[in-house]
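A.B. asks: My structure is in my_file-v7.cif, and what it holds is mmCIF, C-alpha atoms:
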```
data_query
#
loop_
_atom_site.group_PDB
_atom_site.id
_atom_site.type_symbol
_atom_site.label_atom_id
_atom_site.label_comp_id
_atom_site.auth_asym_id
_atom_site.auth_seq_id
_atom_site.Cartn_x
_atom_site.Cartn_y
_atom_site.Cartn_z
ATOM 1 C CA MET A 1 -175.469 -38.457 67.392
ATOM 2 C CA VAL A 2 -173.287 -35.329 67.678
ATOM 3 C CA ILE A 3 -171.376 -34.302 64.558
ATOM 4 C CA SER A 4 -168.106 -32.427 65.060
ATOM 5 C CA ARG A 5 -167.631 -28.998 63.502
ATOM 6 C CA LYS A 6 -164.897 -30.348 61.226
ATOM 7 C CA VAL A 7 -167.133 -33.099 59.835
ATOM 8 C CA GLN A 8 -170.034 -30.659 59.514
ATOM 9 C CA LEU A 9 -167.824 -28.267 57.544
ATOM 10 C CA ARG A 10 -166.773 -31.055 55.166
ATOM 11 C CA LEU A 11 -170.387 -32.087 54.672
ATOM 12 C CA ASN A 12 -171.400 -28.488 53.978
ATOM 13 C CA VAL A 13 -168.622 -28.119 51.396
ATOM 14 C CA PHE A 14 -169.653 -31.421 49.789
ATOM 15 C CA PHE A 15 -173.342 -30.501 49.532
ATOM 16 C CA ILE A 16 -172.557 -26.993 48.241
ATOM 17 C CA THR A 17 -170.291 -28.534 45.589
ATOM 18 C CA VAL A 18 -172.964 -31.057 44.584
ATOM 19 C CA ALA A 19 -175.577 -28.280 44.382
ATOM 20 C CA ALA A 20 -173.270 -26.107 42.244
ATOM 21 C CA VAL A 21 -172.506 -28.999 39.872
ATOM 22 C CA ALA A 22 -176.221 -29.853 39.616
ATOM 23 C CA LEU A 23 -177.026 -26.213 38.805
ATOM 24 C CA ILE A 24 -174.338 -26.086 36.118
ATOM 25 C CA VAL A 25 -175.535 -29.361 34.550
ATOM 26 C CA PHE A 26 -179.175 -28.204 34.583
ATOM 27 C CA SER A 27 -178.211 -24.876 33.006
ATOM 28 C CA MET A 28 -176.219 -26.635 30.277
ATOM 29 C CA TYR A 29 -179.161 -28.963 29.623
ATOM 30 C CA GLU A 30 -181.587 -26.052 29.290
ATOM 31 C CA MET A 31 -179.198 -24.227 26.933
ATOM 32 C CA GLY A 32 -178.686 -27.312 24.758
ATOM 33 C CA TYR A 33 -175.005 -27.840 25.599
ATOM 34 C CA PHE A 34 -175.391 -31.011 27.676
ATOM 35 C CA ASN A 35 -175.549 -33.515 24.810
ATOM 36 C CA GLU A 36 -172.605 -31.812 23.142
ATOM 37 C CA LEU A 37 -170.592 -32.146 26.363
ATOM 38 C CA LEU A 38 -171.473 -35.843 26.645
ATOM 39 C CA ASN A 39 -170.259 -36.421 23.083
ATOM 40 C CA VAL A 40 -166.940 -34.723 23.901
ATOM 41 C CA LEU A 41 -166.496 -36.786 27.098
ATOM 42 C CA ALA A 42 -167.190 -39.990 25.137
ATOM 43 C CA LYS A 43 -164.094 -39.460 22.973
ATOM 44 C CA ASP A 44 -161.089 -41.800 23.145
ATOM 45 C CA ASN A 45 -163.233 -44.792 24.152
ATOM 46 C CA TYR A 46 -164.845 -43.026 27.133
ATOM 47 C CA ILE A 47 -161.460 -42.508 28.803
ATOM 48 C CA PHE A 48 -162.823 -39.591 30.882
ATOM 49 C CA TYR A 49 -165.138 -41.967 32.729
ATOM 50 C CA TRP A 50 -162.373 -44.524 33.193
ATOM 51 C CA MET A 51 -160.204 -41.795 34.696
ATOM 52 C CA LEU A 52 -163.011 -40.831 37.088
ATOM 53 C CA LEU A 53 -162.912 -44.398 38.413
ATOM 54 C CA VAL A 54 -159.098 -44.523 38.520
ATOM 55 C CA GLY A 55 -158.882 -41.162 40.324
ATOM 56 C CA PHE A 56 -161.498 -42.317 42.838
ATOM 57 C CA LEU A 57 -159.757 -45.626 43.620
ATOM 58 C CA ALA A 58 -156.240 -44.145 43.592
ATOM 59 C CA GLU A 59 -157.231 -41.511 46.152
ATOM 60 C CA ILE A 60 -158.706 -44.191 48.442
ATOM 61 C CA VAL A 61 -155.483 -46.201 48.264
ATOM 62 C CA ALA A 62 -153.296 -43.111 48.758
ATOM 63 C CA GLY A 63 -155.411 -42.098 51.749
ATOM 64 C CA SER A 64 -155.015 -45.475 53.423
ATOM 65 C CA MET A 65 -151.382 -46.247 52.582
ATOM 66 C CA GLY A 66 -149.900 -42.741 52.302
ATOM 67 C CA MET A 67 -148.631 -43.584 48.805
ATOM 68 C CA GLY A 68 -149.689 -45.279 45.595
ATOM 69 C CA TYR A 69 -151.598 -42.552 43.687
ATOM 70 C CA GLY A 70 -148.976 -42.095 40.985
ATOM 71 C CA VAL A 71 -148.176 -45.807 40.733
ATOM 72 C CA ILE A 72 -151.812 -46.804 40.176
ATOM 73 C CA CYS A 73 -152.521 -43.990 37.689
ATOM 74 C CA THR A 74 -149.292 -44.587 35.748
ATOM 75 C CA THR A 75 -149.813 -48.344 35.529
ATOM 76 C CA THR A 76 -153.428 -47.907 34.365
ATOM 77 C CA LEU A 77 -152.666 -45.240 31.752
ATOM 78 C CA LEU A 78 -149.741 -47.221 30.296
ATOM 79 C CA PHE A 79 -152.007 -50.291 30.210
ATOM 80 C CA LEU A 80 -154.564 -48.253 28.222
ATOM 81 C CA GLY A 81 -151.868 -47.318 25.704
ATOM 82 C CA ILE A 82 -151.369 -43.649 26.611
ATOM 83 C CA PRO A 83 -147.873 -42.353 25.602
ATOM 84 C CA PRO A 84 -145.449 -42.101 28.571
ATOM 85 C CA HIS A 85 -144.954 -38.325 28.321
ATOM 86 C CA ALA A 86 -148.728 -37.759 28.288
ATOM 87 C CA VAL A 87 -149.104 -40.124 31.268
ATOM 88 C CA SER A 88 -146.745 -38.199 33.526
ATOM 89 C CA ALA A 89 -147.956 -34.789 32.323
ATOM 90 C CA SER A 90 -151.608 -35.691 32.993
ATOM 91 C CA ILE A 91 -150.939 -37.202 36.417
ATOM 92 C CA HIS A 92 -148.841 -34.271 37.640
ATOM 93 C CA SER A 93 -151.381 -31.739 36.379
ATOM 94 C CA ALA A 94 -154.190 -33.433 38.313
ATOM 95 C CA GLU A 95 -152.012 -34.231 41.322
ATOM 96 C CA SER A 96 -151.022 -30.570 41.731
ATOM 97 C CA PHE A 97 -154.470 -29.939 43.204
ATOM 98 C CA THR A 98 -154.716 -33.054 45.398
ATOM 99 C CA THR A 99 -151.213 -32.590 46.874
ATOM 100 C CA ALA A 100 -151.996 -28.920 47.533
ATOM 101 C CA ALA A 101 -155.017 -29.927 49.624
ATOM 102 C CA GLY A 102 -152.931 -32.507 51.498
ATOM 103 C CA SER A 103 -150.131 -30.005 52.133
ATOM 104 C CA ILE A 104 -152.530 -27.436 53.597
ATOM 105 C CA SER A 105 -153.939 -30.070 55.959
ATOM 106 C CA HIS A 106 -150.473 -31.126 57.165
ATOM 107 C CA ILE A 107 -149.395 -27.514 57.677
ATOM 108 C CA LYS A 108 -152.522 -26.801 59.732
ATOM 109 C CA LEU A 109 -151.869 -29.898 61.841
ATOM 110 C CA LYS A 110 -148.221 -28.820 62.314
ATOM 111 C CA ASN A 111 -146.877 -32.030 60.782
ATOM 112 C CA VAL A 112 -144.288 -30.189 58.699
ATOM 113 C CA SER A 113 -140.601 -29.563 59.348
ATOM 114 C CA LYS A 114 -139.529 -26.518 57.307
ATOM 115 C CA ASN A 115 -135.901 -27.642 57.310
ATOM 116 C CA LEU A 116 -136.794 -31.123 56.056
ATOM 117 C CA VAL A 117 -139.052 -29.697 53.328
ATOM 118 C CA LYS A 118 -136.308 -27.350 52.129
ATOM 119 C CA ARG A 119 -133.668 -30.080 52.054
ATOM 120 C CA LEU A 120 -135.979 -32.357 50.066
ATOM 121 C CA ALA A 121 -137.788 -29.864 47.829
ATOM 122 C CA VAL A 122 -134.835 -27.935 46.367
ATOM 123 C CA PRO A 123 -133.099 -30.988 44.838
ATOM 124 C CA ALA A 124 -136.520 -32.505 44.020
ATOM 125 C CA VAL A 125 -137.363 -29.489 41.840
ATOM 126 C CA ILE A 126 -134.094 -29.937 39.924
ATOM 127 C CA GLY A 127 -134.773 -33.654 39.511
ATOM 128 C CA ALA A 128 -138.367 -32.971 38.408
ATOM 129 C CA VAL A 129 -137.292 -30.567 35.666
ATOM 130 C CA ILE A 130 -134.624 -32.977 34.372
ATOM 131 C CA GLY A 131 -137.108 -35.867 34.476
ATOM 132 C CA ALA A 132 -139.867 -33.940 32.678
ATOM 133 C CA VAL A 133 -137.563 -32.666 29.909
ATOM 134 C CA SER A 134 -135.996 -36.130 29.459
ATOM 135 C CA LEU A 135 -139.400 -37.814 29.262
ATOM 136 C CA THR A 136 -140.704 -35.219 26.787
ATOM 137 C CA TYR A 137 -137.932 -36.158 24.355
ATOM 138 C CA LEU A 138 -137.717 -39.886 25.059
ATOM 139 C CA GLY A 139 -141.467 -40.344 25.334
ATOM 140 C CA GLU A 140 -142.049 -38.745 21.951
ATOM 141 C CA TYR A 141 -139.262 -40.385 19.960
ATOM 142 C CA TYR A 142 -138.635 -43.591 21.890
ATOM 143 C CA SER A 143 -142.106 -44.278 23.246
ATOM 144 C CA LYS A 144 -141.827 -48.075 23.068
ATOM 145 C CA VAL A 145 -138.528 -48.237 24.988
ATOM 146 C CA THR A 146 -139.608 -45.617 27.516
ATOM 147 C CA LYS A 147 -142.885 -47.427 28.170
ATOM 148 C CA SER A 148 -140.973 -50.666 28.834
ATOM 149 C CA ILE A 149 -138.575 -48.941 31.266
ATOM 150 C CA ILE A 150 -141.413 -47.305 33.207
ATOM 151 C CA SER A 151 -143.396 -50.554 33.236
ATOM 152 C CA PHE A 152 -140.420 -52.419 34.737
ATOM 153 C CA TYR A 153 -140.269 -49.708 37.396
ATOM 154 C CA THR A 154 -143.997 -49.997 38.215
ATOM 155 C CA LEU A 155 -143.517 -53.780 38.318
ATOM 156 C CA TYR A 156 -140.817 -53.263 40.953
ATOM 157 C CA LEU A 157 -143.103 -50.943 42.934
ATOM 158 C CA GLY A 158 -145.926 -53.488 42.680
ATOM 159 C CA ILE A 159 -143.654 -56.145 44.183
ATOM 160 C CA ARG A 160 -142.696 -53.712 46.972
ATOM 161 C CA ILE A 161 -146.372 -53.047 47.718
ATOM 162 C CA LEU A 162 -147.159 -56.770 47.732
ATOM 163 C CA LEU A 163 -144.265 -57.533 50.092
ATOM 164 C CA ASN A 164 -145.557 -54.882 52.510
ATOM 165 C CA ALA A 165 -148.731 -56.922 52.928
ATOM 166 C CA PHE A 166 -146.757 -59.803 54.449
ATOM 167 C CA LYS A 167 -144.135 -57.796 56.320
ATOM 168 C CA GLY A 168 -144.319 -58.129 60.068
ATOM 169 C CA LYS A 169 -143.684 -55.363 62.563
ATOM 170 C CA GLN A 170 -140.078 -54.263 62.694
ATOM 171 C CA ASP A 171 -138.136 -53.301 65.793
ATOM 172 C CA LYS A 172 -137.438 -49.615 66.155
ATOM 173 C CA LYS A 173 -133.869 -48.749 65.318
ATOM 174 C CA LEU A 174 -131.754 -45.683 65.738
ATOM 175 C CA LYS A 175 -132.157 -43.095 63.018
ATOM 176 C CA LYS A 176 -129.899 -43.943 60.105
ATOM 177 C CA LYS A 177 -127.987 -41.291 58.240
ATOM 178 C CA THR A 178 -130.126 -40.186 55.308
ATOM 179 C CA HIS A 179 -128.661 -38.268 52.371
ATOM 180 C CA LEU A 180 -131.627 -35.940 51.908
ATOM 181 C CA THR A 181 -130.214 -34.033 48.935
ATOM 182 C CA LYS A 182 -129.553 -37.209 46.979
ATOM 183 C CA LEU A 183 -132.915 -38.670 48.075
ATOM 184 C CA GLY A 184 -134.803 -35.550 46.949
ATOM 185 C CA LEU A 185 -132.967 -35.358 43.608
ATOM 186 C CA ILE A 186 -133.530 -39.029 42.728
ATOM 187 C CA GLY A 187 -137.093 -38.962 44.031
ATOM 188 C CA GLY A 188 -137.947 -35.864 42.002
ATOM 189 C CA PHE A 189 -136.453 -37.311 38.813
ATOM 190 C CA ILE A 190 -138.151 -40.707 39.160
ATOM 191 C CA ASP A 191 -141.535 -39.201 40.068
ATOM 192 C CA SER A 192 -141.441 -36.819 37.099
ATOM 193 C CA PHE A 193 -140.023 -39.318 34.597
ATOM 194 C CA ALA A 194 -142.040 -42.361 35.669
ATOM 195 C CA GLY A 195 -145.277 -40.594 36.643
ATOM 196 C CA GLY A 196 -145.009 -41.604 40.305
ATOM 197 C CA GLY A 197 -142.805 -43.190 42.954
ATOM 198 C CA TRP A 198 -142.069 -40.322 45.353
ATOM 199 C CA GLY A 199 -144.105 -41.874 48.176
ATOM 200 C CA PRO A 200 -142.638 -45.406 48.134
ATOM 201 C CA LEU A 201 -139.082 -44.085 47.700
ATOM 202 C CA VAL A 202 -138.871 -40.883 49.761
ATOM 203 C CA THR A 203 -141.599 -41.234 52.405
ATOM 204 C CA GLY A 204 -140.784 -44.924 52.762
ATOM 205 C CA THR A 205 -137.071 -44.200 53.237
ATOM 206 C CA LEU A 206 -137.697 -41.491 55.833
ATOM 207 C CA ILE A 207 -139.972 -43.735 57.909
ATOM 208 C CA LYS A 208 -137.641 -46.719 57.495
ATOM 209 C CA ASN A 209 -134.762 -44.584 58.785
ATOM 210 C CA SER A 210 -136.781 -43.754 61.908
ATOM 211 C CA PHE A 211 -137.832 -40.177 61.167
ATOM 212 C CA THR A 212 -140.904 -39.225 63.195
ATOM 213 C CA PRO A 213 -143.760 -40.599 61.019
ATOM 214 C CA ARG A 214 -145.981 -37.509 61.135
ATOM 215 C CA PHE A 215 -143.090 -35.207 60.163
ATOM 216 C CA ALA A 216 -141.889 -37.659 57.517
ATOM 217 C CA VAL A 217 -145.324 -37.872 55.872
ATOM 218 C CA GLY A 218 -146.208 -34.181 56.297
ATOM 219 C CA SER A 219 -142.866 -32.789 55.100
ATOM 220 C CA SER A 220 -142.696 -35.285 52.245
ATOM 221 C CA THR A 221 -146.213 -34.295 51.133
ATOM 222 C CA VAL A 222 -145.326 -30.584 50.993
ATOM 223 C CA ALA A 223 -142.104 -31.324 49.081
ATOM 224 C CA LYS A 224 -144.137 -33.557 46.761
ATOM 225 C CA PHE A 225 -146.543 -30.693 46.033
ATOM 226 C CA ILE A 226 -143.641 -28.405 45.092
ATOM 227 C CA LEU A 227 -142.071 -30.951 42.733
ATOM 228 C CA THR A 228 -145.474 -31.890 41.273
ATOM 229 C CA LEU A 229 -146.272 -28.271 40.462
ATOM 230 C CA THR A 230 -142.784 -27.853 38.955
ATOM 231 C CA ALA A 231 -143.204 -30.964 36.797
ATOM 232 C CA ALA A 232 -146.678 -29.878 35.656
ATOM 233 C CA ILE A 233 -145.439 -26.411 34.634
ATOM 234 C CA THR A 234 -142.429 -27.934 32.831
ATOM 235 C CA PHE A 235 -144.700 -30.290 30.873
ATOM 236 C CA ILE A 236 -146.964 -27.364 29.916
ATOM 237 C CA PHE A 237 -143.964 -25.498 28.473
ATOM 238 C CA THR A 238 -142.567 -28.555 26.654
ATOM 239 C CA LEU A 239 -145.781 -30.298 25.562
ATOM 240 C CA GLY A 240 -148.579 -27.767 25.964
ATOM 241 C CA ILE A 241 -151.908 -28.827 27.467
ATOM 242 C CA GLN A 242 -152.856 -32.283 26.188
ATOM 243 C CA HIS A 243 -155.334 -34.989 27.174
ATOM 244 C CA TRP A 244 -157.501 -32.643 29.242
ATOM 245 C CA ASN A 245 -160.127 -35.426 29.501
ATOM 246 C CA ILE A 246 -157.622 -37.579 31.426
ATOM 247 C CA ILE A 247 -156.616 -34.689 33.689
ATOM 248 C CA LEU A 248 -160.230 -33.706 34.383
ATOM 249 C CA GLY A 249 -161.256 -37.297 35.118
ATOM 250 C CA LEU A 250 -158.391 -37.898 37.554
ATOM 251 C CA LEU A 251 -158.956 -34.525 39.200
ATOM 252 C CA ILE A 252 -162.710 -34.893 39.726
ATOM 253 C CA GLY A 253 -162.364 -38.509 40.867
ATOM 254 C CA GLY A 254 -159.721 -37.534 43.430
ATOM 255 C CA ILE A 255 -161.504 -34.421 44.668
ATOM 256 C CA VAL A 256 -164.803 -36.248 45.207
ATOM 257 C CA THR A 257 -163.050 -38.944 47.247
ATOM 258 C CA ALA A 258 -160.599 -36.772 49.198
ATOM 259 C CA PRO A 259 -162.968 -35.443 51.916
ATOM 260 C CA PHE A 260 -164.168 -38.947 52.741
ATOM 261 C CA SER A 261 -161.042 -41.037 52.112
ATOM 262 C CA ALA A 262 -160.032 -41.014 55.780
ATOM 263 C CA MET A 263 -163.482 -42.202 56.895
ATOM 264 C CA LEU A 264 -163.639 -44.866 54.179
ATOM 265 C CA THR A 265 -160.144 -46.254 54.573
ATOM 266 C CA ALA A 266 -160.365 -46.404 58.358
ATOM 267 C CA LYS A 267 -162.724 -49.356 57.926
ATOM 268 C CA LEU A 268 -160.924 -51.038 55.025
ATOM 269 C CA PRO A 269 -158.464 -53.901 55.646
ATOM 270 C CA VAL A 270 -155.134 -52.305 54.759
ATOM 271 C CA LYS A 271 -153.310 -55.649 54.401
ATOM 272 C CA SER A 272 -155.875 -56.849 51.871
ATOM 273 C CA MET A 273 -155.591 -53.567 49.969
ATOM 274 C CA PHE A 274 -151.801 -53.962 49.803
ATOM 275 C CA THR A 275 -152.294 -57.470 48.390
ATOM 276 C CA VAL A 276 -154.940 -56.531 45.820
ATOM 277 C CA ILE A 277 -153.252 -53.336 44.612
ATOM 278 C CA GLY A 278 -149.780 -54.928 44.519
ATOM 279 C CA THR A 279 -151.063 -57.899 42.518
ATOM 280 C CA LEU A 280 -153.010 -55.641 40.144
ATOM 281 C CA VAL A 281 -149.992 -53.393 39.497
ATOM 282 C CA ILE A 282 -147.756 -56.426 38.872
ATOM 283 C CA VAL A 283 -150.200 -58.039 36.408
ATOM 284 C CA MET A 284 -150.891 -54.816 34.490
ATOM 285 C CA SER A 285 -147.165 -53.966 34.351
ATOM 286 C CA CYS A 286 -146.341 -57.424 32.973
ATOM 287 C CA ILE A 287 -149.036 -57.095 30.298
ATOM 288 C CA THR A 288 -147.743 -53.630 29.318
ATOM 289 C CA ILE A 289 -144.157 -54.942 29.123
ATOM 290 C CA TYR A 290 -145.330 -57.834 26.934
ATOM 291 C CA LYS A 291 -147.248 -55.473 24.614
ATOM 292 C CA SER A 292 -144.258 -53.116 24.406
ATOM 293 C CA VAL A 293 -141.771 -55.865 23.587
ATOM 294 C CA PHE A 294 -143.953 -57.950 21.281
#
```
Here is the file; what I need is its structure written in the form of structure tokens.
C.D. replies:
Amino acid sequence: MVISRKVQLRLNVFFITVAAVALIVFSMYEMGYFNELLNVLAKDNYIFYWMLLVGFLAEIVAGSMGMGYGVICTTTLLFLGIPPHAVSASIHSAESFTTAAGSISHIKLKNVSKNLVKRLAVPAVIGAVIGAVSLTYLGEYYSKVTKSIISFYTLYLGIRILLNAFKGKQDKKLKKKTHLTKLGLIGGFIDSFAGGGWGPLVTGTLIKNSFTPRFAVGSSTVAKFILTLTAAITFIFTLGIQHWNIILGLLIGGIVTAPFSAMLTAKLPVKSMFTVIGTLVIVMSCITIYKSVF
């Protein structure tokens, strides 16, 4: 069996990373810091380990469907009782790294339209800043109301995901007029305020309006990276660095999965994943809404 240079490079990076992590862990064990680290990671009901699992699964779903990372992470964190402002801040901090990796890949594959990125990213940055500042205030002082609003939004996204599982193939239509400035502004605000939603709204709209899929996904990913980094920096200035265990768990879970997500998801039934993830998001959103109201 002949292994391509690209796959070989990914395997080399993976094994080097594993070796480096093993060396660090062994060194910490020998120096007596390992047990102390485990005690720190066990805080907040072992949420670091839960976030490892969430980051792993969210990256698989995002790799197969081109969207869903923020929706899954937001729904799970709200379900676990994390405050809304901490949810979005944690997700955008971790997602800054995963979207950067995705953007580099799309740029290398020439899937990016500079004009489309500019027309989406500039208003998205403005929307992201407004969303982050609004959530910082509302999430801190009106946490219960904000959590309900965001949960209703994730419920809507869950229904959208579920409907996609039963949607048949659509006839190709002429490209519809798309207001990119408005789309970028609204998408940036919603993604920053709600912790996710850029993919279903922006990427979905571009593809629905007959933009070339590879340019729609690639350009949207690069614009998403820019708004994600903007939101993360805004949250750092308004909130400081909080819940590092959540950020680290999501980040490690996503990074471990990212090199293999394409290979894994190529063999997974996408329709079934739409059904399972959509149902899970709907159920968890309903429970969170119930807990917020009652």
A.B. asks: List as a PDB file with C-alpha atoms, in the frame of the given file the protein and nucleic acid residues near range 141-154 of chain A, meaning an atom at most 10 Å away when all atoms listed in the file are counted, but skip any in the same chain fewer than 4 places from it.
C.D. replies:
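Written output follows (around_5.pdb):
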```pdb
ATOM      1  CA  GLY A  70    -148.976 -42.095  40.985  1.00  0.00           C
ATOM      2  CA  VAL A  71    -148.176 -45.807  40.733  1.00  0.00           C
ATOM      3  CA  ILE A  72    -151.812 -46.804  40.176  1.00  0.00           C
ATOM      4  CA  THR A  74    -149.292 -44.587  35.748  1.00  0.00           C
ATOM      5  CA  THR A  75    -149.813 -48.344  35.529  1.00  0.00           C
ATOM      6  CA  LEU A  78    -149.741 -47.221  30.296  1.00  0.00           C
ATOM      7  CA  PHE A  79    -152.007 -50.291  30.210  1.00  0.00           C
ATOM      8  CA  GLY A  81    -151.868 -47.318  25.704  1.00  0.00           C
ATOM      9  CA  ILE A  82    -151.369 -43.649  26.611  1.00  0.00           C
ATOM     10  CA  PRO A  83    -147.873 -42.353  25.602  1.00  0.00           C
ATOM     11  CA  PRO A  84    -145.449 -42.101  28.571  1.00  0.00           C
ATOM     12  CA  HIS A  85    -144.954 -38.325  28.321  1.00  0.00           C
ATOM     13  CA  LEU A 135    -139.400 -37.814  29.262  1.00  0.00           C
ATOM     14  CA  THR A 136    -140.704 -35.219  26.787  1.00  0.00           C
ATOM     15  CA  TYR A 137    -137.932 -36.158  24.355  1.00  0.00           C
ATOM     16  CA  GLY A 158    -145.926 -53.488  42.680  1.00  0.00           C
ATOM     17  CA  ILE A 159    -143.654 -56.145  44.183  1.00  0.00           C
ATOM     18  CA  ARG A 160    -142.696 -53.712  46.972  1.00  0.00           C
ATOM     19  CA  ILE A 190    -138.151 -40.707  39.160  1.00  0.00           C
ATOM     20  CA  PHE A 193    -140.023 -39.318  34.597  1.00  0.00           C
ATOM     21  CA  ALA A 194    -142.040 -42.361  35.669  1.00  0.00           C
ATOM     22  CA  GLY A 195    -145.277 -40.594  36.643  1.00  0.00           C
ATOM     23  CA  GLY A 196    -145.009 -41.604  40.305  1.00  0.00           C
ATOM     24  CA  GLY A 197    -142.805 -43.190  42.954  1.00  0.00           C
ATOM     25  CA  GLY A 278    -149.780 -54.928  44.519  1.00  0.00           C
ATOM     26  CA  VAL A 281    -149.992 -53.393  39.497  1.00  0.00           C
ATOM     27  CA  ILE A 282    -147.756 -56.426  38.872  1.00  0.00           C
ATOM     28  CA  MET A 284    -150.891 -54.816  34.490  1.00  0.00           C
ATOM     29  CA  SER A 285    -147.165 -53.966  34.351  1.00  0.00           C
ATOM     30  CA  CYS A 286    -146.341 -57.424  32.973  1.00  0.00           C
ATOM     31  CA  ILE A 287    -149.036 -57.095  30.298  1.00  0.00           C
ATOM     32  CA  THR A 288    -147.743 -53.630  29.318  1.00  0.00           C
ATOM     33  CA  ILE A 289    -144.157 -54.942  29.123  1.00  0.00           C
ATOM     34  CA  TYR A 290    -145.330 -57.834  26.934  1.00  0.00           C
ATOM     35  CA  LYS A 291    -147.248 -55.473  24.614  1.00  0.00           C
ATOM     36  CA  SER A 292    -144.258 -53.116  24.406  1.00  0.00           C
ATOM     37  CA  VAL A 293    -141.771 -55.865  23.587  1.00  0.00           C
TER      38      VAL A 293
END
```
A.B. asks: Ranking A:Thr98, A:Ser113, A:Thr257, A:Asn164 by minimum distance to Leu57 in chain A and counting only C-alpha atoms, which one comes first?
C.D. replies: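 Looking at the shortest contact to Leu57 in chain A, the residue is A:Thr257.
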A.B. asks: Tell me which of A:Gly131, A:Gly68, A:Gly139, A:Gly218 sits closest to Ser192 in chain A, counting all atoms listed in the file.
C.D. replies: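 Smallest distance to Ser192 in chain A is found for A:Gly131.
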A.B. asks: Check the smallest atom-to-atom distance from each of A:Gly249, A:Gly187, A:Phe274, A:Ala216 to Val54 in chain A using only C-alpha atoms, then report the winner.
C.D. replies: A:Gly249
A.B. asks: Using only C-alpha atoms, which residue out of A:Leu138, A:Leu116, A:Ile226, A:Val87 lies closest to Phe211 in chain A?
C.D. replies: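 Looking only at the distances to Phe211 in chain A, the closest residue turns out to be A:Leu116.
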